[in-house]
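> Attaching a single structure in structure tokens format; questions to follow.
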Amino acid sequence: MAEFQVDGSVDITDVVCPVTFVKAKVALEELEDGQILSIHLNGGEPVQNVPRSIKEEGHQVLKLINREDGTFDLIVRKVE
């Protein structure tokens, strides 16, 4: 993640859909426009749905990092 200056992070591995997106959205709302959030999430339904929902909200998905343990880090830039 060295290529991005991450301004905030949230771990949503302990919740299930649709709460995963709700927690990610709340974390994004706490940031200023242009800031970057790292979202730690599980594979399967969360990694399929959360990036799509974030894009639908108008934010920019920068990178999806596979942690090789069944979890992922989603790097997102908040867009006004």
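The way I read the labels, and the way they are meant: chains A, B, ... in the order of the structure tokens, residue 1 as the first residue of every chain, and ligand 1 as the first ligand shown, with later ones counted on from there.
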Can you pull out the residues contacting Val50 of chain A? Cut-off 8 Å, using only C-alpha atoms, and skip same-chain residues under 3 positions away; I want them as a compact mmCIF listing (two decimals) with all heavy atoms, in the first residue's frame.


```
# COMPACT_ATOMS: atom_id res chain seq x y z
N THR A 20 -21.80 -4.76 5.67
CA THR A 20 -20.44 -4.47 5.22
C THR A 20 -20.38 -3.13 4.49
O THR A 20 -19.53 -2.29 4.80
CB THR A 20 -19.92 -5.59 4.29
OG1 THR A 20 -20.89 -5.84 3.27
CG2 THR A 20 -19.63 -6.86 5.05
N PHE A 21 -21.29 -2.91 3.56
CA PHE A 21 -21.29 -1.65 2.82
C PHE A 21 -21.66 -0.48 3.72
O PHE A 21 -21.09 0.60 3.60
CB PHE A 21 -22.23 -1.70 1.61
CG PHE A 21 -22.33 -0.38 0.92
CD1 PHE A 21 -21.23 0.21 0.33
CD2 PHE A 21 -23.53 0.31 0.90
CE1 PHE A 21 -21.31 1.45 -0.28
CE2 PHE A 21 -23.62 1.54 0.28
CZ PHE A 21 -22.51 2.12 -0.31
N ALA A 24 -18.62 0.54 5.59
CA ALA A 24 -17.66 1.18 4.68
C ALA A 24 -18.13 2.60 4.34
O ALA A 24 -17.33 3.54 4.31
CB ALA A 24 -17.50 0.35 3.42
N PRO A 46 -18.81 -10.08 0.23
CA PRO A 46 -18.33 -8.71 0.50
C PRO A 46 -17.41 -8.16 -0.60
O PRO A 46 -17.57 -7.02 -1.02
CB PRO A 46 -17.59 -8.85 1.82
CG PRO A 46 -18.24 -10.01 2.49
CD PRO A 46 -18.56 -10.97 1.37
N VAL A 47 -16.47 -8.97 -1.07
CA VAL A 47 -15.53 -8.46 -2.07
C VAL A 47 -16.20 -8.28 -3.44
O VAL A 47 -15.73 -7.51 -4.27
CB VAL A 47 -14.26 -9.35 -2.16
CG1 VAL A 47 -14.50 -10.59 -3.01
CG2 VAL A 47 -13.08 -8.56 -2.70
N SER A 53 -20.79 -1.31 -4.92
CA SER A 53 -21.63 -0.31 -4.24
C SER A 53 -20.88 1.01 -4.06
O SER A 53 -21.47 2.08 -4.20
CB SER A 53 -22.09 -0.84 -2.89
OG SER A 53 -22.90 -1.98 -3.05
N ILE A 54 -19.60 0.93 -3.78
CA ILE A 54 -18.80 2.14 -3.62
C ILE A 54 -18.71 2.91 -4.94
O ILE A 54 -18.85 4.13 -4.97
CB ILE A 54 -17.41 1.80 -3.05
CG1 ILE A 54 -17.57 1.51 -1.55
CG2 ILE A 54 -16.41 2.92 -3.30
CD1 ILE A 54 -16.34 1.02 -0.87
```

> Tell me which protein, DNA and RNA residues are within 9 Å of Glu80 of chain A, counting only C-alpha atoms, leaving out same-chain ones fewer than 4 positions away, and put them as a ChimeraX atom specification.

/A:32-34,58-59

> Selected residues, all heavy atoms, written as a PDB file, in the first residue's frame, please.


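Saved file selection-v3.pdb follows:
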```pdb
ATOM      1  N   GLU A  32     -12.501  13.564   4.316  1.00  0.00           N
ATOM      2  CA  GLU A  32     -12.662  14.717   3.436  1.00  0.00           C
ATOM      3  C   GLU A  32     -12.592  14.234   1.986  1.00  0.00           C
ATOM      4  O   GLU A  32     -12.006  13.191   1.691  1.00  0.00           O
ATOM      5  CB  GLU A  32     -11.543  15.737   3.680  1.00  0.00           C
ATOM      6  CG  GLU A  32     -11.489  16.283   5.095  1.00  0.00           C
ATOM      7  CD  GLU A  32     -12.688  17.137   5.442  1.00  0.00           C
ATOM      8  OE1 GLU A  32     -13.174  17.858   4.569  1.00  0.00           O
ATOM      9  OE2 GLU A  32     -13.134  17.069   6.605  1.00  0.00           O
ATOM     10  N   ASP A  33     -13.163  15.017   1.070  1.00  0.00           N
ATOM     11  CA  ASP A  33     -13.089  14.681  -0.347  1.00  0.00           C
ATOM     12  C   ASP A  33     -11.632  14.549  -0.774  1.00  0.00           C
ATOM     13  O   ASP A  33     -10.786  15.354  -0.391  1.00  0.00           O
ATOM     14  CB  ASP A  33     -13.780  15.755  -1.195  1.00  0.00           C
ATOM     15  CG  ASP A  33     -15.281  15.782  -0.969  1.00  0.00           C
ATOM     16  OD1 ASP A  33     -15.845  14.746  -0.557  1.00  0.00           O
ATOM     17  OD2 ASP A  33     -15.900  16.830  -1.208  1.00  0.00           O
ATOM     18  N   GLY A  34     -11.348  13.504  -1.548  1.00  0.00           N
ATOM     19  CA  GLY A  34      -9.998  13.265  -2.033  1.00  0.00           C
ATOM     20  C   GLY A  34      -9.156  12.387  -1.130  1.00  0.00           C
ATOM     21  O   GLY A  34      -8.100  11.906  -1.538  1.00  0.00           O
ATOM     22  N   GLY A  58     -20.300   6.764  -6.428  1.00  0.00           N
ATOM     23  CA  GLY A  58     -19.505   7.792  -7.097  1.00  0.00           C
ATOM     24  C   GLY A  58     -18.072   7.896  -6.625  1.00  0.00           C
ATOM     25  O   GLY A  58     -17.336   8.779  -7.062  1.00  0.00           O
ATOM     26  N   HIS A  59     -17.653   7.007  -5.738  1.00  0.00           N
ATOM     27  CA  HIS A  59     -16.275   7.035  -5.244  1.00  0.00           C
ATOM     28  C   HIS A  59     -15.373   6.237  -6.178  1.00  0.00           C
ATOM     29  O   HIS A  59     -15.844   5.449  -6.993  1.00  0.00           O
ATOM     30  CB  HIS A  59     -16.215   6.501  -3.815  1.00  0.00           C
ATOM     31  CG  HIS A  59     -17.101   7.248  -2.873  1.00  0.00           C
ATOM     32  ND1 HIS A  59     -16.890   8.569  -2.529  1.00  0.00           N
ATOM     33  CD2 HIS A  59     -18.238   6.877  -2.241  1.00  0.00           C
ATOM     34  CE1 HIS A  59     -17.850   8.969  -1.707  1.00  0.00           C
ATOM     35  NE2 HIS A  59     -18.686   7.954  -1.525  1.00  0.00           N
TER      36      HIS A  59
END
```

> What's the separation between atom CA of Glu68 of chain A and atom CA of Pro51 of chain A, in Å to one decimal place?

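Distance between the two atoms: 18.1 Å.
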
> Would you mind listing what lies within 12 Å of Phe72 of chain A as a ChimeraX atom specification, with only C-alpha atoms counted and same-chain residues fewer than 2 positions away left out?

/A:10-13,38-48,50-51,63-70,74-75

> Any chance you could export the current selection's N, CA and C atoms as a short mmCIF file (atom, residue, chain, number, x, y, z; two decimals), in the first residue's frame?


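Output file result_34.cif is given in full below:
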```cif
data_model
loop_
_atom_site.label_atom_id
_atom_site.label_comp_id
_atom_site.auth_asym_id
_atom_site.auth_seq_id
_atom_site.Cartn_x
_atom_site.Cartn_y
_atom_site.Cartn_z
N VAL A 10 -10.84 0.85 7.84
CA VAL A 10 -11.94 0.20 8.54
C VAL A 10 -11.84 -1.29 8.26
N ASP A 11 -12.09 -2.09 9.28
CA ASP A 11 -12.09 -3.55 9.17
C ASP A 11 -13.53 -4.02 9.24
N ILE A 12 -14.02 -4.58 8.13
CA ILE A 12 -15.42 -5.05 8.10
C ILE A 12 -15.49 -6.57 7.97
N THR A 13 -14.43 -7.24 8.39
CA THR A 13 -14.41 -8.70 8.30
C THR A 13 -15.32 -9.36 9.33
N SER A 38 -8.76 2.66 3.40
CA SER A 38 -8.45 1.25 3.22
C SER A 38 -9.54 0.45 3.94
N ILE A 39 -10.18 -0.44 3.20
CA ILE A 39 -11.26 -1.26 3.76
C ILE A 39 -10.80 -2.71 3.75
N HIS A 40 -10.70 -3.31 4.93
CA HIS A 40 -10.31 -4.72 5.05
C HIS A 40 -11.59 -5.55 5.07
N LEU A 41 -11.75 -6.44 4.09
CA LEU A 41 -12.99 -7.19 3.96
C LEU A 41 -12.74 -8.64 3.57
N ASN A 42 -13.75 -9.46 3.78
CA ASN A 42 -13.67 -10.88 3.44
C ASN A 42 -13.89 -11.09 1.96
N GLY A 43 -13.46 -12.26 1.48
CA GLY A 43 -13.74 -12.67 0.12
C GLY A 43 -15.20 -13.06 -0.01
N GLY A 44 -15.58 -13.50 -1.19
CA GLY A 44 -16.96 -13.91 -1.42
C GLY A 44 -17.87 -12.72 -1.64
N GLU A 45 -19.02 -12.76 -1.00
CA GLU A 45 -20.04 -11.72 -1.20
C GLU A 45 -19.53 -10.31 -0.89
N PRO A 46 -18.81 -10.08 0.23
CA PRO A 46 -18.33 -8.71 0.50
C PRO A 46 -17.41 -8.16 -0.60
N VAL A 47 -16.47 -8.97 -1.07
CA VAL A 47 -15.53 -8.46 -2.07
C VAL A 47 -16.20 -8.28 -3.44
N GLN A 48 -17.33 -8.94 -3.65
CA GLN A 48 -18.08 -8.72 -4.88
C GLN A 48 -18.97 -7.48 -4.78
N VAL A 50 -19.17 -4.86 -2.12
CA VAL A 50 -18.71 -3.57 -1.57
C VAL A 50 -18.05 -2.70 -2.64
N PRO A 51 -17.10 -3.22 -3.45
CA PRO A 51 -16.52 -2.34 -4.48
C PRO A 51 -17.57 -1.82 -5.46
N LYS A 63 -7.61 0.28 -5.83
CA LYS A 63 -6.90 -1.00 -5.88
C LYS A 63 -7.61 -2.01 -4.98
N LEU A 64 -7.55 -3.27 -5.37
CA LEU A 64 -8.04 -4.38 -4.57
C LEU A 64 -6.87 -5.32 -4.35
N ILE A 65 -6.48 -5.50 -3.11
CA ILE A 65 -5.29 -6.29 -2.77
C ILE A 65 -5.74 -7.60 -2.13
N ASN A 66 -5.37 -8.71 -2.73
CA ASN A 66 -5.67 -10.03 -2.19
C ASN A 66 -4.62 -10.37 -1.14
N ARG A 67 -5.06 -10.57 0.09
CA ARG A 67 -4.15 -10.87 1.20
C ARG A 67 -3.81 -12.35 1.29
N GLU A 68 -4.35 -13.16 0.38
CA GLU A 68 -4.05 -14.58 0.31
C GLU A 68 -4.47 -15.37 1.55
N ASP A 69 -5.31 -14.78 2.39
CA ASP A 69 -5.82 -15.48 3.59
C ASP A 69 -7.35 -15.46 3.60
N GLY A 70 -7.93 -15.21 2.43
CA GLY A 70 -9.38 -15.12 2.34
C GLY A 70 -9.91 -13.72 2.56
N LEU A 74 -9.36 -3.15 0.18
CA LEU A 74 -9.92 -2.32 -0.89
C LEU A 74 -9.50 -0.89 -0.63
N ILE A 75 -8.81 -0.28 -1.58
CA ILE A 75 -8.33 1.10 -1.44
C ILE A 75 -9.25 2.00 -2.26
#
```

> Extract the full set of helix (DSSP H, G or I) residues from chain A according to DSSP on the backbone, and format it as a PyMOL selection string.

chain A and resi 19-29+45-56

> Those residues you just picked out, can you put them in a file as an mmCIF file, in the first residue's frame with N, CA, C and O atoms?


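Output file selection_6.cif is given in full below:
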```cif
data_model
loop_
_atom_site.group_PDB
_atom_site.id
_atom_site.type_symbol
_atom_site.label_atom_id
_atom_site.label_comp_id
_atom_site.auth_asym_id
_atom_site.auth_seq_id
_atom_site.Cartn_x
_atom_site.Cartn_y
_atom_site.Cartn_z
ATOM 1 N N VAL A 19 -24.509 -5.120 5.879
ATOM 2 C CA VAL A 19 -23.867 -4.261 6.881
ATOM 3 C C VAL A 19 -22.440 -3.912 6.464
ATOM 4 O O VAL A 19 -21.929 -2.850 6.816
ATOM 5 N N THR A 20 -21.799 -4.761 5.671
ATOM 6 C CA THR A 20 -20.436 -4.471 5.219
ATOM 7 C C THR A 20 -20.376 -3.132 4.495
ATOM 8 O O THR A 20 -19.530 -2.292 4.801
ATOM 9 N N PHE A 21 -21.287 -2.915 3.559
ATOM 10 C CA PHE A 21 -21.288 -1.651 2.816
ATOM 11 C C PHE A 21 -21.658 -0.481 3.717
ATOM 12 O O PHE A 21 -21.088 0.600 3.596
ATOM 13 N N VAL A 22 -22.588 -0.687 4.631
ATOM 14 C CA VAL A 22 -22.999 0.391 5.544
ATOM 15 C C VAL A 22 -21.799 0.866 6.360
ATOM 16 O O VAL A 22 -21.556 2.076 6.469
ATOM 17 N N LYS A 23 -21.020 -0.061 6.902
ATOM 18 C CA LYS A 23 -19.841 0.322 7.692
ATOM 19 C C LYS A 23 -18.798 1.029 6.821
ATOM 20 O O LYS A 23 -18.167 1.987 7.260
ATOM 21 N N ALA A 24 -18.618 0.542 5.594
ATOM 22 C CA ALA A 24 -17.664 1.183 4.684
ATOM 23 C C ALA A 24 -18.127 2.598 4.336
ATOM 24 O O ALA A 24 -17.329 3.537 4.308
ATOM 25 N N LYS A 25 -19.414 2.759 4.095
ATOM 26 C CA LYS A 25 -19.964 4.066 3.740
ATOM 27 C C LYS A 25 -19.807 5.055 4.892
ATOM 28 O O LYS A 25 -19.430 6.211 4.679
ATOM 29 N N VAL A 26 -20.064 4.613 6.111
ATOM 30 C CA VAL A 26 -19.896 5.479 7.287
ATOM 31 C C VAL A 26 -18.435 5.913 7.414
ATOM 32 O O VAL A 26 -18.148 7.082 7.682
ATOM 33 N N ALA A 27 -17.507 4.991 7.205
ATOM 34 C CA ALA A 27 -16.082 5.329 7.284
ATOM 35 C C ALA A 27 -15.704 6.346 6.212
ATOM 36 O O ALA A 27 -14.930 7.268 6.473
ATOM 37 N N LEU A 28 -16.253 6.204 5.008
ATOM 38 C CA LEU A 28 -15.993 7.171 3.937
ATOM 39 C C LEU A 28 -16.548 8.545 4.285
ATOM 40 O O LEU A 28 -15.917 9.563 3.990
ATOM 41 N N GLU A 29 -17.715 8.583 4.901
ATOM 42 C CA GLU A 29 -18.333 9.864 5.257
ATOM 43 C C GLU A 29 -17.495 10.646 6.255
ATOM 44 O O GLU A 29 -17.583 11.869 6.313
ATOM 45 N N GLU A 45 -19.023 -12.755 -1.005
ATOM 46 C CA GLU A 45 -20.035 -11.719 -1.199
ATOM 47 C C GLU A 45 -19.525 -10.306 -0.895
ATOM 48 O O GLU A 45 -19.758 -9.388 -1.690
ATOM 49 N N PRO A 46 -18.814 -10.079 0.228
ATOM 50 C CA PRO A 46 -18.329 -8.712 0.495
ATOM 51 C C PRO A 46 -17.414 -8.162 -0.600
ATOM 52 O O PRO A 46 -17.572 -7.020 -1.025
ATOM 53 N N VAL A 47 -16.465 -8.970 -1.068
ATOM 54 C CA VAL A 47 -15.526 -8.461 -2.072
ATOM 55 C C VAL A 47 -16.204 -8.283 -3.440
ATOM 56 O O VAL A 47 -15.729 -7.511 -4.273
ATOM 57 N N GLN A 48 -17.326 -8.937 -3.651
ATOM 58 C CA GLN A 48 -18.085 -8.723 -4.882
ATOM 59 C C GLN A 48 -18.972 -7.484 -4.783
ATOM 60 O O GLN A 48 -19.073 -6.714 -5.728
ATOM 61 N N ASN A 49 -19.610 -7.294 -3.636
ATOM 62 C CA ASN A 49 -20.626 -6.250 -3.497
ATOM 63 C C ASN A 49 -20.106 -4.886 -3.044
ATOM 64 O O ASN A 49 -20.577 -3.859 -3.526
ATOM 65 N N VAL A 50 -19.166 -4.859 -2.117
ATOM 66 C CA VAL A 50 -18.711 -3.575 -1.567
ATOM 67 C C VAL A 50 -18.053 -2.700 -2.638
ATOM 68 O O VAL A 50 -18.420 -1.528 -2.777
ATOM 69 N N PRO A 51 -17.102 -3.216 -3.446
ATOM 70 C CA PRO A 51 -16.522 -2.343 -4.483
ATOM 71 C C PRO A 51 -17.570 -1.817 -5.463
ATOM 72 O O PRO A 51 -17.542 -0.642 -5.839
ATOM 73 N N ARG A 52 -18.497 -2.665 -5.860
ATOM 74 C CA ARG A 52 -19.549 -2.238 -6.788
ATOM 75 C C ARG A 52 -20.408 -1.132 -6.168
ATOM 76 O O ARG A 52 -20.687 -0.123 -6.806
ATOM 77 N N SER A 53 -20.791 -1.309 -4.918
ATOM 78 C CA SER A 53 -21.626 -0.309 -4.244
ATOM 79 C C SER A 53 -20.884 1.007 -4.062
ATOM 80 O O SER A 53 -21.470 2.084 -4.203
ATOM 81 N N ILE A 54 -19.596 0.930 -3.779
ATOM 82 C CA ILE A 54 -18.796 2.144 -3.617
ATOM 83 C C ILE A 54 -18.713 2.910 -4.941
ATOM 84 O O ILE A 54 -18.848 4.127 -4.971
ATOM 85 N N LYS A 55 -18.523 2.186 -6.044
ATOM 86 C CA LYS A 55 -18.506 2.829 -7.364
ATOM 87 C C LYS A 55 -19.852 3.466 -7.671
ATOM 88 O O LYS A 55 -19.914 4.570 -8.211
ATOM 89 N N GLU A 56 -20.942 2.767 -7.325
ATOM 90 C CA GLU A 56 -22.281 3.311 -7.564
ATOM 91 C C GLU A 56 -22.522 4.588 -6.770
ATOM 92 O O GLU A 56 -23.289 5.449 -7.199
#
```

> Report the distance between atom CA of Gln60 of chain A and atom CA of Leu37 of chain A in Å, rounded to one decimal place.

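Distance reported for this atom pair: 10.4 Å.
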
> For each of A:Leu31, A:Leu62, A:Val79, A:Cys17, take the minimum atom-to-atom distance to Phe4 of chain A, counting only C-alpha atoms, then give the residue where this is smallest.

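Of all the options, A:Leu62 lies closest to Phe4 of chain A.
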
> Nearest to Glu3 of chain A among A:Ile36, A:Glu57, A:Val16, A:Thr71, with distances taken over only C-alpha atoms: which residue is it?

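Of A:Ile36, A:Glu57, A:Val16, A:Thr71, the one nearest Glu3 of chain A is A:Ile36, counting only C-alpha atoms.
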
> Got a sec to tell me which of chain A DSSP assigns to strand (DSSP E or B), as a PDB file with C-alpha atoms, in the first residue's frame?


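What follows is the written file result_25.pdb:
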```pdb
ATOM      1  CA  GLY A   8      -8.290   6.122   7.230  1.00  0.00           C
ATOM      2  CA  SER A   9      -9.073   2.440   7.537  1.00  0.00           C
ATOM      3  CA  VAL A  10     -11.943   0.203   8.544  1.00  0.00           C
ATOM      4  CA  ASP A  11     -12.088  -3.546   9.165  1.00  0.00           C
ATOM      5  CA  ILE A  36      -8.142   7.583   0.784  1.00  0.00           C
ATOM      6  CA  LEU A  37      -9.736   4.802   2.826  1.00  0.00           C
ATOM      7  CA  SER A  38      -8.451   1.251   3.220  1.00  0.00           C
ATOM      8  CA  ILE A  39     -11.263  -1.264   3.759  1.00  0.00           C
ATOM      9  CA  HIS A  40     -10.308  -4.720   5.053  1.00  0.00           C
ATOM     10  CA  LEU A  41     -12.995  -7.190   3.959  1.00  0.00           C
ATOM     11  CA  ASN A  42     -13.672 -10.877   3.442  1.00  0.00           C
ATOM     12  CA  GLN A  60     -13.101   5.808  -6.938  1.00  0.00           C
ATOM     13  CA  VAL A  61     -11.818   2.273  -6.355  1.00  0.00           C
ATOM     14  CA  LEU A  62      -8.036   2.531  -6.618  1.00  0.00           C
ATOM     15  CA  LYS A  63      -6.904  -1.002  -5.878  1.00  0.00           C
ATOM     16  CA  LEU A  64      -8.045  -4.377  -4.569  1.00  0.00           C
ATOM     17  CA  ILE A  65      -5.295  -6.294  -2.771  1.00  0.00           C
ATOM     18  CA  ASN A  66      -5.673 -10.030  -2.193  1.00  0.00           C
ATOM     19  CA  THR A  71      -9.408 -11.366   2.994  1.00  0.00           C
ATOM     20  CA  PHE A  72      -8.801  -8.331   0.823  1.00  0.00           C
ATOM     21  CA  ASP A  73      -7.855  -4.671   1.236  1.00  0.00           C
ATOM     22  CA  LEU A  74      -9.919  -2.325  -0.889  1.00  0.00           C
ATOM     23  CA  ILE A  75      -8.330   1.097  -1.444  1.00  0.00           C
ATOM     24  CA  VAL A  76     -10.887   3.818  -2.184  1.00  0.00           C
ATOM     25  CA  ARG A  77     -10.677   7.580  -2.840  1.00  0.00           C
TER      26      ARG A  77
END
```
